[in-house]
>>> print(open('model.csv').read())   # CSV, C-alpha atoms
chain,number,residue,atom,x,y,z
A,1,MET,CA,-15.0,0.0,22.9
A,2,ASP,CA,-15.9,-2.3,20.0
A,3,LYS,CA,-13.3,-5.0,20.9
A,4,PRO,CA,-13.9,-7.3,17.9
A,5,LEU,CA,-13.3,-4.3,15.5
A,6,PHE,CA,-10.2,-3.2,17.4
A,7,ASN,CA,-8.8,-6.7,17.2
A,8,ALA,CA,-9.6,-7.1,13.5
A,9,LEU,CA,-7.9,-3.7,12.8
A,10,LEU,CA,-4.8,-4.8,14.7
A,11,GLN,CA,-4.7,-8.1,12.7
A,12,MET,CA,-4.8,-6.2,9.4
A,13,GLY,CA,-2.7,-3.3,10.5
A,14,ASP,CA,0.0,-5.6,12.0
A,15,ASP,CA,0.1,-7.7,8.9
A,16,SER,CA,0.9,-4.7,6.8
A,17,LEU,CA,3.3,-3.1,9.3
A,18,VAL,CA,5.4,-6.2,10.0
A,19,LEU,CA,5.6,-7.2,6.3
A,20,GLY,CA,6.5,-3.6,5.4
A,21,GLN,CA,9.3,-3.6,7.9
A,22,ARG,CA,10.6,-6.9,6.6
A,23,LEU,CA,10.7,-5.6,3.0
A,24,CYS,CA,12.6,-2.6,4.2
A,25,GLU,CA,15.4,-4.9,5.2
A,26,TRP,CA,16.1,-5.3,1.4
A,27,SER,CA,16.7,-1.6,0.9
A,28,GLY,CA,20.1,-1.2,-0.6
A,29,LYS,CA,20.9,-4.9,-1.1
A,30,ALA,CA,18.3,-6.3,-3.4
A,31,PRO,CA,19.5,-8.3,-6.4
A,32,THR,CA,19.1,-5.3,-8.8
A,33,ILE,CA,18.4,-1.7,-8.5
A,34,GLU,CA,14.9,-2.2,-10.1
A,35,VAL,CA,14.1,-4.9,-7.5
A,36,ASP,CA,15.5,-2.6,-4.7
A,37,LEU,CA,13.1,0.2,-5.8
A,38,SER,CA,10.2,-2.3,-6.1
A,39,LEU,CA,10.6,-3.8,-2.7
A,40,SER,CA,10.9,-0.4,-1.1
A,41,ASN,CA,7.8,0.8,-2.9
A,42,LEU,CA,5.8,-2.3,-1.8
A,43,ALA,CA,6.9,-1.6,1.8
A,44,LEU,CA,5.8,2.0,1.4
A,45,ASP,CA,2.3,1.0,0.4
A,46,LEU,CA,2.1,-1.5,3.3
A,47,ILE,CA,3.3,1.0,5.9
A,48,GLY,CA,0.8,3.6,4.6
A,49,GLN,CA,-2.0,1.0,4.9
A,50,ALA,CA,-0.8,0.1,8.4
A,51,THR,CA,-0.8,3.7,9.5
A,52,MET,CA,-4.5,4.2,8.4
A,53,LEU,CA,-5.6,0.9,10.0
A,54,LEU,CA,-3.8,1.4,13.3
A,55,ASP,CA,-4.9,5.0,13.5
A,56,TYR,CA,-8.4,3.8,13.1
A,57,ALA,CA,-7.8,1.1,15.7
A,58,GLY,CA,-6.7,3.8,18.1
A,59,GLN,CA,-9.9,5.7,17.5
A,60,VAL,CA,-12.0,2.7,18.0
A,61,GLU,CA,-10.1,2.0,21.3
A,62,GLY,CA,-10.7,5.5,22.5
A,63,GLU,CA,-7.7,5.8,24.8
A,64,GLY,CA,-5.7,8.3,22.8
A,65,ARG,CA,-3.3,5.9,21.1
A,66,ASP,CA,-2.4,6.6,17.5
A,67,ALA,CA,-0.7,4.5,14.9
A,68,ASP,CA,2.8,5.4,16.1
A,69,ARG,CA,1.9,4.5,19.7
A,70,LEU,CA,0.5,1.1,18.6
A,71,ALA,CA,3.4,0.4,16.3
A,72,PHE,CA,6.3,1.3,18.6
A,73,HIS,CA,5.0,0.8,22.1
A,74,ARG,CA,3.4,-2.6,22.0
A,75,ASP,CA,5.2,-5.9,22.8
A,76,ALA,CA,5.3,-8.9,20.5
A,77,GLU,CA,2.6,-10.9,22.3
A,78,LEU,CA,0.2,-8.1,21.7
A,79,PHE,CA,0.7,-8.1,17.9
A,80,ARG,CA,-2.0,-9.9,15.9
A,81,ASN,CA,-0.2,-10.4,12.6
A,82,SER,CA,0.0,-13.7,10.8
A,83,LEU,CA,3.0,-15.9,11.2
A,84,MET,CA,3.9,-15.7,7.6
A,85,VAL,CA,4.7,-12.0,7.5
A,86,GLU,CA,7.1,-12.1,10.4
A,87,GLN,CA,9.3,-14.8,8.9
A,88,PRO,CA,12.8,-13.8,7.9
A,89,ASN,CA,13.2,-12.7,4.3
A,90,GLY,CA,15.5,-15.6,3.4
A,91,ASP,CA,16.6,-15.3,-0.2
A,92,PHE,CA,14.8,-13.3,-2.9
A,93,ALA,CA,12.8,-16.5,-3.8
A,94,ARG,CA,11.4,-16.8,-0.3
A,95,THR,CA,10.6,-13.0,-0.2
A,96,VAL,CA,8.8,-13.1,-3.5
A,97,MET,CA,6.9,-16.3,-2.7
A,98,ARG,CA,5.7,-14.8,0.6
A,99,HIS,CA,4.6,-11.6,-1.2
A,100,PHE,CA,2.7,-13.6,-3.8
A,101,PHE,CA,0.7,-15.4,-1.1
A,102,PHE,CA,0.2,-12.4,1.1
A,103,ALA,CA,-0.9,-9.9,-1.7
A,104,THR,CA,-3.2,-12.5,-3.3
A,105,TYR,CA,-4.9,-13.1,0.1
A,106,ALA,CA,-4.9,-9.4,1.0
A,107,SER,CA,-6.2,-8.1,-2.4
A,108,ALA,CA,-9.2,-10.5,-2.0
A,109,LEU,CA,-9.7,-9.4,1.5
A,110,TYR,CA,-9.7,-5.7,0.8
A,111,GLU,CA,-11.8,-6.1,-2.3
A,112,ALA,CA,-14.5,-7.5,0.0
A,113,LEU,CA,-13.8,-4.9,2.7
A,114,SER,CA,-14.4,-2.1,0.2
A,115,LYS,CA,-18.1,-3.0,0.6
A,116,SER,CA,-17.9,-3.1,4.4
A,117,SER,CA,-20.8,-1.6,6.3
A,118,ASP,CA,-18.1,0.3,8.3
A,119,GLU,CA,-17.5,3.4,6.2
A,120,THR,CA,-14.0,4.1,7.4
A,121,LEU,CA,-12.8,0.6,6.8
A,122,ALA,CA,-14.5,0.6,3.4
A,123,ALA,CA,-12.6,3.8,2.4
A,124,ILE,CA,-9.2,2.4,3.6
A,125,ALA,CA,-9.9,-0.9,1.8
A,126,ALA,CA,-10.9,0.8,-1.5
A,127,LYS,CA,-7.6,2.5,-1.5
A,128,ALA,CA,-5.5,-0.5,-0.4
A,129,VAL,CA,-7.1,-2.9,-2.8
A,130,LYS,CA,-5.7,-1.1,-5.9
A,131,GLU,CA,-2.2,-1.2,-4.4
A,132,LEU,CA,-2.4,-4.8,-3.4
A,133,ARG,CA,-3.6,-6.0,-6.8
A,134,TYR,CA,-0.5,-4.4,-8.3
A,135,HIS,CA,1.6,-6.2,-5.6
A,136,SER,CA,0.0,-9.5,-6.4
A,137,GLU,CA,0.6,-9.1,-10.2
A,138,TYR,CA,4.2,-8.1,-9.6
A,139,ALA,CA,4.9,-11.0,-7.3
A,140,ALA,CA,3.1,-13.5,-9.6
A,141,GLU,CA,5.4,-12.4,-12.5
A,142,TRP,CA,8.4,-13.2,-10.4
A,143,VAL,CA,7.0,-16.5,-9.3
A,144,VAL,CA,6.6,-17.5,-12.9
A,145,ARG,CA,10.0,-16.0,-14.0
A,146,LEU,CA,11.9,-17.8,-11.3
A,147,GLY,CA,9.8,-21.0,-11.1
A,148,ASP,CA,10.0,-21.5,-14.9
A,149,GLY,CA,13.6,-20.2,-15.0
A,150,THR,CA,16.9,-22.0,-14.4
A,151,GLU,CA,17.4,-25.2,-12.4
A,152,GLU,CA,18.8,-23.1,-9.6
A,153,SER,CA,15.9,-20.6,-9.5
A,154,HIS,CA,13.4,-23.4,-9.8
A,155,SER,CA,14.9,-25.3,-6.9
A,156,ARG,CA,15.0,-22.1,-4.7
A,157,MET,CA,11.3,-21.5,-5.5
A,158,VAL,CA,10.4,-25.0,-4.4
A,159,LYS,CA,12.3,-24.5,-1.1
A,160,ALA,CA,10.5,-21.1,-0.7
A,161,LEU,CA,7.2,-22.8,-1.3
A,162,ASP,CA,7.9,-25.5,1.3
A,163,TRP,CA,8.9,-22.8,3.8
A,164,HIS,CA,5.7,-20.8,3.5
A,165,TRP,CA,3.0,-23.4,2.8
A,166,ARG,CA,2.5,-24.4,6.5
A,167,PHE,CA,1.6,-20.7,7.3
A,168,ILE,CA,-1.3,-20.5,4.9
A,169,ASP,CA,-4.0,-21.7,7.3
A,170,ASP,CA,-2.8,-19.1,9.9
A,171,LEU,CA,-3.2,-16.4,7.2
A,172,PHE,CA,-6.8,-17.3,6.7
A,173,GLU,CA,-7.8,-18.1,10.3
A,174,ASP,CA,-11.1,-16.6,11.5
A,175,ASP,CA,-11.1,-16.2,15.3
A,176,ALA,CA,-14.3,-15.6,17.3
A,177,ASP,CA,-14.0,-11.8,17.1
A,178,TRP,CA,-13.6,-11.9,13.4
A,179,ALA,CA,-16.6,-14.2,13.0
A,180,GLU,CA,-18.7,-11.8,15.1
A,181,LEU,CA,-17.7,-8.9,12.8
A,182,ALA,CA,-18.5,-11.0,9.8
A,183,GLU,CA,-22.0,-11.5,11.2
A,184,ARG,CA,-22.4,-7.8,11.5
A,185,GLY,CA,-21.4,-7.3,7.9
A,186,ILE,CA,-18.2,-5.5,8.6
A,187,VAL,CA,-15.7,-8.1,7.4
A,188,PRO,CA,-15.9,-11.2,5.2
A,189,LEU,CA,-15.1,-14.6,6.7
A,190,ARG,CA,-11.5,-15.3,5.6
A,191,ALA,CA,-12.6,-18.9,4.9
A,192,THR,CA,-14.8,-17.6,2.1
A,193,LEU,CA,-11.8,-16.1,0.3
A,194,ARG,CA,-9.8,-19.4,0.3
A,195,GLY,CA,-11.4,-20.9,-2.8
A,196,ASN,CA,-10.4,-18.1,-5.2
A,197,PHE,CA,-7.0,-17.9,-3.5
A,198,GLY,CA,-6.5,-21.6,-4.3
A,199,LYS,CA,-7.5,-21.1,-7.9
A,200,ARG,CA,-5.2,-18.2,-8.4
A,201,VAL,CA,-2.3,-20.1,-6.8
A,202,ALA,CA,-2.9,-23.1,-9.0
A,203,GLN,CA,-3.0,-21.0,-12.1
A,204,VAL,CA,0.2,-19.1,-11.4
A,205,PHE,CA,2.0,-22.3,-10.2
A,206,GLY,CA,0.9,-23.9,-13.5
A,207,GLU,CA,2.7,-21.2,-15.5
A,208,ALA,CA,5.6,-21.4,-13.1
A,209,THR,CA,6.0,-25.2,-13.4
A,210,LEU,CA,5.6,-25.5,-9.6
A,211,GLU,CA,3.4,-28.1,-7.9
A,212,VAL,CA,0.8,-27.1,-5.4
A,213,PRO,CA,1.8,-29.0,-2.2
A,214,GLY,CA,-0.4,-31.5,-0.5
A,215,GLU,CA,-1.6,-31.1,3.1
A,216,VAL,CA,1.0,-30.2,5.7
A,217,TRP,CA,0.9,-29.8,9.4
A,218,PRO,CA,-0.2,-26.2,9.8
A,219,LEU,CA,1.4,-23.7,12.2
A,220,THR,CA,-1.2,-21.2,13.6
A,221,GLY,CA,-1.6,-18.8,16.4
A,222,GLY,CA,-0.4,-15.5,15.1
A,223,ARG,CA,-3.9,-13.9,15.2
A,224,GLN,CA,-4.0,-14.8,19.0
A,225,GLY,CA,-0.5,-13.4,19.6
A,226,ARG,CA,1.3,-16.7,19.7
A,227,HIS,CA,4.3,-15.8,17.5
A,228,SER,CA,7.6,-17.3,16.4
A,229,GLU,CA,10.8,-15.9,17.9
A,230,HIS,CA,11.3,-13.9,14.7
A,231,LEU,CA,8.7,-11.3,15.6
A,232,SER,CA,10.4,-10.0,18.7
A,233,LEU,CA,13.6,-9.5,16.8
A,234,VAL,CA,12.1,-7.6,13.9
A,235,LEU,CA,10.1,-5.4,16.4
A,236,ALA,CA,13.3,-4.8,18.5
A,237,GLU,CA,14.9,-3.2,15.5
A,238,MET,CA,11.8,-1.3,14.5
A,239,GLN,CA,11.0,0.0,18.0
A,240,VAL,CA,14.4,0.7,19.5
A,241,LEU,CA,14.6,4.4,18.8
A,242,PRO,CA,11.1,5.5,19.9
A,243,ARG,CA,11.4,3.3,23.0
A,244,ALA,CA,14.8,4.8,23.9
A,245,HIS,CA,13.5,8.3,23.3
A,246,PRO,CA,9.7,8.1,23.8
A,247,ALA,CA,9.1,11.9,23.6
A,248,ALA,CA,11.3,12.6,20.6
A,249,THR,CA,9.7,14.3,17.6
A,250,TRP,CA,11.0,15.0,14.1
B,1,MET,CA,-19.7,48.5,4.6
B,2,ALA,CA,-18.3,46.0,2.1
B,3,SER,CA,-20.5,43.1,1.2
B,4,GLN,CA,-19.2,39.5,1.8
B,5,PRO,CA,-17.9,37.9,-1.4
B,6,SER,CA,-20.2,35.1,-2.6
B,7,SER,CA,-19.3,31.5,-1.9
B,8,ASP,CA,-18.6,30.9,-5.6
B,9,VAL,CA,-16.0,33.7,-5.5
B,10,ILE,CA,-14.3,32.3,-2.4
B,11,GLU,CA,-14.3,28.8,-3.9
B,12,GLN,CA,-12.6,30.0,-7.1
B,13,ARG,CA,-10.1,32.0,-5.1
B,14,ILE,CA,-9.2,28.9,-3.1
B,15,PHE,CA,-8.8,26.8,-6.3
B,16,ASP,CA,-6.7,29.6,-7.9
B,17,VAL,CA,-4.3,29.6,-4.9
B,18,LEU,CA,-4.0,25.7,-4.8
B,19,ALA,CA,-3.5,25.6,-8.6
B,20,GLN,CA,-0.2,27.4,-7.9
B,21,VAL,CA,1.0,24.7,-5.4
B,22,PRO,CA,3.3,22.2,-7.2
B,23,ASP,CA,3.4,18.5,-6.4
B,24,PRO,CA,6.6,18.1,-4.3
B,25,GLU,CA,7.9,15.1,-6.3
B,26,ILE,CA,6.7,16.2,-9.8
B,27,PRO,CA,6.9,20.0,-9.6
B,28,ALA,CA,5.7,20.4,-13.2
B,29,VAL,CA,2.2,19.7,-12.2
B,30,SER,CA,0.0,21.3,-9.5
B,31,ILE,CA,-1.9,19.5,-6.8
B,32,VAL,CA,-5.1,20.6,-8.6
B,33,ASP,CA,-3.8,19.1,-12.0
B,34,LEU,CA,-3.2,15.8,-10.2
B,35,GLY,CA,-6.7,15.7,-8.7
B,36,ILE,CA,-5.4,15.7,-5.2
B,37,VAL,CA,-7.6,18.6,-4.4
B,38,ARG,CA,-10.9,16.8,-4.1
B,39,GLY,CA,-13.1,19.9,-3.6
B,40,VAL,CA,-13.9,22.9,-1.5
B,41,SER,CA,-16.9,23.0,0.7
B,42,ILE,CA,-18.4,26.2,2.1
B,43,ASP,CA,-20.7,26.2,5.0
B,44,GLY,CA,-21.8,29.6,6.2
B,45,ASP,CA,-18.5,31.5,6.9
B,46,GLN,CA,-16.4,28.3,7.1
B,47,ALA,CA,-14.6,27.0,4.1
B,48,ALA,CA,-12.8,23.6,4.0
B,49,VAL,CA,-10.5,22.1,1.4
B,50,ALA,CA,-10.6,18.3,0.9
B,51,LEU,CA,-7.3,16.6,-0.1
B,52,THR,CA,-6.9,13.0,-1.0
B,53,PRO,CA,-3.7,10.9,-0.9
B,54,THR,CA,-2.6,9.3,-4.2
B,55,TYR,CA,-1.1,6.2,-2.6
B,56,SER,CA,-1.6,5.1,1.0
B,57,GLY,CA,2.1,5.4,1.9
B,58,CYS,CA,3.0,8.3,-0.4
B,59,PRO,CA,5.6,10.2,1.5
B,60,ALA,CA,4.6,13.4,-0.3
B,61,THR,CA,1.2,13.4,1.4
B,62,HIS,CA,2.3,15.4,4.4
B,63,ALA,CA,4.4,17.8,2.3
B,64,ILE,CA,1.4,18.4,0.1
B,65,GLU,CA,-0.8,19.3,3.0
B,66,LEU,CA,1.9,21.6,4.5
B,67,ALA,CA,2.4,23.3,1.1
B,68,ALA,CA,-1.3,23.8,0.7
B,69,ARG,CA,-1.5,25.3,4.2
B,70,LEU,CA,1.3,27.7,3.6
B,71,ALA,CA,-0.1,28.8,0.3
B,72,LEU,CA,-3.6,29.5,1.8
B,73,ASP,CA,-2.0,31.4,4.7
B,74,GLU,CA,0.1,33.5,2.4
B,75,ALA,CA,-3.0,34.4,0.4
B,76,GLY,CA,-4.8,35.5,3.5
B,77,LEU,CA,-7.0,32.4,3.7
B,78,GLU,CA,-5.8,31.3,7.2
B,79,ALA,CA,-9.4,30.5,8.2
B,80,VAL,CA,-9.8,27.8,5.5
B,81,THR,CA,-9.4,24.4,7.0
B,82,ILE,CA,-7.9,21.3,5.3
B,83,ARG,CA,-9.1,17.8,5.8
B,84,THR,CA,-8.1,14.5,4.3
B,85,VAL,CA,-10.7,12.3,2.5
B,86,LEU,CA,-10.1,8.7,1.4
B,87,SER,CA,-13.3,8.0,-0.3
B,88,PRO,CA,-13.8,7.8,-3.3
B,89,ALA,CA,-10.2,6.6,-3.6
B,90,TRP,CA,-7.9,8.7,-5.8
B,91,SER,CA,-7.4,7.3,-9.3
B,92,THR,CA,-5.4,8.5,-12.3
B,93,GLU,CA,-8.6,9.4,-14.0
B,94,MET,CA,-8.7,12.4,-11.7
B,95,ILE,CA,-5.6,13.9,-13.4
B,96,SER,CA,-6.8,16.7,-15.6
B,97,ALA,CA,-6.2,16.9,-19.4
B,98,GLU,CA,-3.9,19.9,-18.7
B,99,GLY,CA,-2.1,17.9,-16.1
B,100,ARG,CA,-1.5,15.0,-18.5
B,101,GLU,CA,0.0,17.4,-21.1
B,102,LYS,CA,2.2,19.0,-18.4
B,103,LEU,CA,3.5,15.5,-17.4
B,104,ARG,CA,4.2,14.6,-21.0
B,105,ARG,CA,6.2,17.8,-21.6
B,106,TYR,CA,8.1,17.2,-18.3
B,107,GLY,CA,9.2,13.8,-19.7
B,108,ILE,CA,6.7,11.5,-17.9
B,109,ALA,CA,4.4,9.4,-20.0
B,110,PRO,CA,0.8,10.2,-18.7
B,111,PRO,CA,-1.4,7.2,-17.6
B,112,VAL,CA,-3.4,5.5,-20.4
B,113,GLU,CA,-6.5,4.1,-18.7
B,114,SER,CA,-7.5,2.1,-21.7
B,115,GLY,CA,-4.2,0.1,-21.4
B,116,GLY,CA,-1.5,-0.6,-24.0
B,117,PRO,CA,2.1,0.6,-24.2
B,118,ALA,CA,3.2,4.0,-23.1
B,119,GLU,CA,3.9,6.7,-25.6
B,120,CYS,CA,7.5,7.8,-25.4
B,121,PRO,CA,7.4,11.4,-24.1
B,122,ARG,CA,10.4,12.3,-26.1
B,123,CYS,CA,9.9,11.0,-29.6
B,124,GLY,CA,6.2,9.9,-29.5
B,125,SER,CA,6.9,6.3,-30.5
B,126,ARG,CA,4.5,3.6,-29.1
B,127,ASP,CA,7.3,1.0,-29.6
B,128,THR,CA,8.2,0.9,-25.9
B,129,HIS,CA,8.5,-1.6,-23.1
B,130,GLU,CA,8.3,-1.8,-19.4
B,131,VAL,CA,11.7,-2.1,-17.6
B,132,SER,CA,10.4,-2.2,-14.0
B,133,ARG,CA,6.9,-2.1,-12.5
B,134,PHE,CA,8.2,0.4,-9.9
B,135,GLY,CA,10.1,3.6,-10.5
B,136,SER,CA,11.4,6.6,-8.5
B,137,THR,CA,8.1,7.3,-6.7
B,138,PRO,CA,5.1,5.1,-5.8
B,139,CYS,CA,3.0,6.5,-8.7
B,140,LYS,CA,5.5,5.7,-11.5
B,141,ALA,CA,6.9,2.7,-13.4
B,142,LEU,CA,10.1,2.6,-15.4
B,143,TRP,CA,9.9,2.2,-19.2
B,144,ARG,CA,12.2,2.4,-22.2
B,145,CYS,CA,11.6,3.5,-25.8
B,146,ASN,CA,12.7,1.0,-28.4
B,147,SER,CA,12.8,3.7,-31.1
B,148,CYS,CA,15.0,6.4,-29.5
B,149,SER,CA,16.4,4.2,-26.6
B,150,GLU,CA,15.5,6.7,-23.9
B,151,PRO,CA,14.4,5.4,-20.5
B,152,PHE,CA,11.5,7.3,-19.1
B,153,ASP,CA,9.0,7.3,-16.2
B,154,ARG,CA,5.4,6.4,-16.8
B,155,PHE,CA,2.6,7.4,-14.5
B,156,LYS,CA,1.0,4.0,-13.5
B,157,CYS,CA,-2.7,3.6,-14.1
B,158,HIS,CA,-4.2,3.4,-10.7
>>> encode(input="model.csv", output="structure tokens")
Amino acid sequence: MDKPLFNALLQMGDDSLVLGQRLCEWSGKAPTIEVDLSLSNLALDLIGQATMLLDYAGQVEGEGRDADRLAFHRDAELFRNSLMVEQPNGDFARTVMRHFFFATYASALYEALSKSSDETLAAIAAKAVKELRYHSEYAAEWVVRLGDGTEESHSRMVKALDWHWRFIDDLFEDDADWAELAERGIVPLRATLRGNFGKRVAQVFGEATLEVPGEVWPLTGGRQGRHSEHLSLVLAEMQVLPRAHPAATW
Amino acid sequence: MASQPSSDVIEQRIFDVLAQVPDPEIPAVSIVDLGIVRGVSIDGDQAAVALTPTYSGCPATHAIELAARLALDEAGLEAVTIRTVLSPAWSTEMISAEGREKLRRYGIAPPVESGGPAECPRCGSRDTHEVSRFGSTPCKALWRCNSCSEPFDRFKCH
């Protein structure tokens, strides 16, 4: 098995899966019906991407596991998602700030991956990048609207920013397996995407009257399976039915 | 002994059958109109249809494959296989001119790849605005016409 590729696919697939599951928690109780529809549609795209990435991970592993098996029958410490995506939704400000950071990172990543030397990954990425660009634009509009909104919305966006900023390093972390894949031309080093990410954040924050924070003590470890307590709780809800009835089909 | 039909005839027959399969969420257009049927390949006596998903997570993807399978079976084309292709990624440019006209008549503003505001599918006005970037399905956004006040779905450029 190509272990570095398997791990990289888990990192990407788990990011999409866990964030998609988090966004689904808004279904039926978002601030407006338009936002409700939007968050569910964002989740749908992410879960679709996760299905393709995890199915491919299962093929690379070669032990007969598919996306469902990997999603529902794996414990939290075997997940490779970033810490940011597993954080509780908080208020709408925090959800939208997280989505802005994640979609801006992920659209840059998938843009580069669409030129990957791995054909399957390139095809998945070419599809995903179009969706994630739309996500990034949608979230950026909300960051501006709320940041440059009322005193209340501005202060909530500042709090949201403070909450998420410490997870940015984790989002961009390149582990040894990822670095090996980068050398083989399969993935870009995430560090190379950081410059454009910073420029985009500064530009949107400028419009949103938000300040880019200085250095903070970063929290990392998600890519190695060292998660916050929040992941096991979100997985418990997601996995309970297939674990209770492992052979059930629709 | 009857001669085998040529591959062109078989290909046309398969396309004709699939052109009768409606999209499950927008039944006014067929899966051929939407560009979801990427092509038919014929290799000896084996024919295969290539389908492509519109959005990664579109819940209609499985329903479309099932509907295509049933239509082919009913037409006596049980041996034709169906496979999913991701590359090149589906884009709204793959929607046929006929498909765009059918969308408009159904009340959905077709995508305008050159950008700009949507044309109201009811009164034709271009004085319209976006209400929400997401609508009732992954492929649509919600718009409203400033001239006739009607809300309408717009097919997102993708």
>>> closest_atom_pairs(input="model.csv", of="region 37-130 of chain A", to="region 119-138 of chain B", cutoff="10 Å", atoms="all atoms listed in the file", output="tab-separated table")
residue	atom	partner	partner_atom	distance
A:Leu37	CA	B:Phe134	CA	6.4
A:Ser38	CA	B:Phe134	CA	5.1
A:Leu39	CA	B:Phe134	CA	8.7
A:Ser40	CA	B:Phe134	CA	9.2
A:Asn41	CA	B:Pro138	CA	5.8
A:Leu42	CA	B:Pro138	CA	8.4
A:Leu44	CA	B:Pro138	CA	7.9
A:Asp45	CA	B:Pro138	CA	7.9
>>> residues_near_point(input="model.csv", point="(-4.8, 14.5, -4.0)", cutoff="8 Å", atoms="all atoms listed in the file", output="PDB file with C-alpha atoms, keeping the file's coordinate frame")
ATOM      1  CA  ILE B  31      -1.900  19.500  -6.800  1.00  0.00           C
ATOM      2  CA  VAL B  32      -5.100  20.600  -8.600  1.00  0.00           C
ATOM      3  CA  LEU B  34      -3.200  15.800 -10.200  1.00  0.00           C
ATOM      4  CA  GLY B  35      -6.700  15.700  -8.700  1.00  0.00           C
ATOM      5  CA  ILE B  36      -5.400  15.700  -5.200  1.00  0.00           C
ATOM      6  CA  VAL B  37      -7.600  18.600  -4.400  1.00  0.00           C
ATOM      7  CA  ARG B  38     -10.900  16.800  -4.100  1.00  0.00           C
ATOM      8  CA  LEU B  51      -7.300  16.600  -0.100  1.00  0.00           C
ATOM      9  CA  THR B  52      -6.900  13.000  -1.000  1.00  0.00           C
ATOM     10  CA  PRO B  53      -3.700  10.900  -0.900  1.00  0.00           C
ATOM     11  CA  THR B  54      -2.600   9.300  -4.200  1.00  0.00           C
ATOM     12  CA  TRP B  90      -7.900   8.700  -5.800  1.00  0.00           C
TER      13      TRP B  90
END
>>> closest_residue(input="model.csv", among="B:Ser30, B:Asn146, B:Ser7, B:Thr92", to="chain A", atoms="all atoms listed in the file")
B:Thr92
>>> closest_residue(input="model.csv", among="A:Leu23, A:Gln11, A:Pro31, A:Ala71", to="Pro88 (chain A)", atoms="all atoms listed in the file")
A:Leu23
>>> atom_distance(input="model.csv", atom1="CA of Arg184 (chain A)", atom2="CA of Ser56 (chain B)")
26.6 Å
>>> interface_residues(input="model.csv", of="chain A", to="chain B", cutoff="12 Å", atoms="only C-alpha atoms", output="JSON, numbers by chain")
{"A": [16, 17, 20, 32, 33, 34, 35, 36, 37, 38, 39, 40, 41, 42, 43, 44, 45, 46, 47, 48, 49, 50, 51, 52, 53, 114, 119, 120, 121, 122, 123, 124, 125, 126, 127, 128, 129, 130, 131, 132, 133, 134, 135, 136, 137, 138, 139, 141, 142]}
>>> atom_distance(input="model.csv", atom1="CA of Val144 (chain A)", atom2="CA of His164 (chain A)")
16.8 Å
>>> residues_around(input="model.csv", residues="Arg69 (chain A)", least_positions_apart="2", cutoff="10 Å", atoms="all atoms listed in the file", output="list in words")
Leu54, Asp55, Gly58, Gly64, Arg65, Asp66, Ala67, Ala71, Phe72, His73, Arg74, Pro242 and Pro246 of chain A
>>> atom_distance(input="model.csv", atom1="CA of Ala68 (chain B)", atom2="CA of Ala19 (chain B)")
9.7 Å
>>> residues_around(input="model.csv", residues="Glu101 (chain B)", least_positions_apart="6", cutoff="12 Å", atoms="only C-alpha atoms", output="count of residues only")
11
>>> closest_residue(input="model.csv", among="A:Lys159, A:Arg94, A:Arg243, A:Arg194", to="Asp68 (chain A)", atoms="only C-alpha atoms")
A:Arg243
>>> closest_residue(input="model.csv", among="A:Gln224, A:Leu10, A:Trp250, A:Tyr105", to="Thr192 (chain A)", atoms="all atoms listed in the file")
A:Tyr105
>>> residues_around(input="model.csv", residues="Ala47 (chain B)", least_positions_apart="3", cutoff="12 Å", atoms="only C-alpha atoms", output="ChimeraX atom specification")
/B:6-15,39-44,50,72,77-83
>>> residues_around(input="model.csv", residues="region 115-118 of chain A", least_positions_apart="5", cutoff="7 Å", atoms="all atoms listed in the file", output="number ranges by chain")
A: 185-187
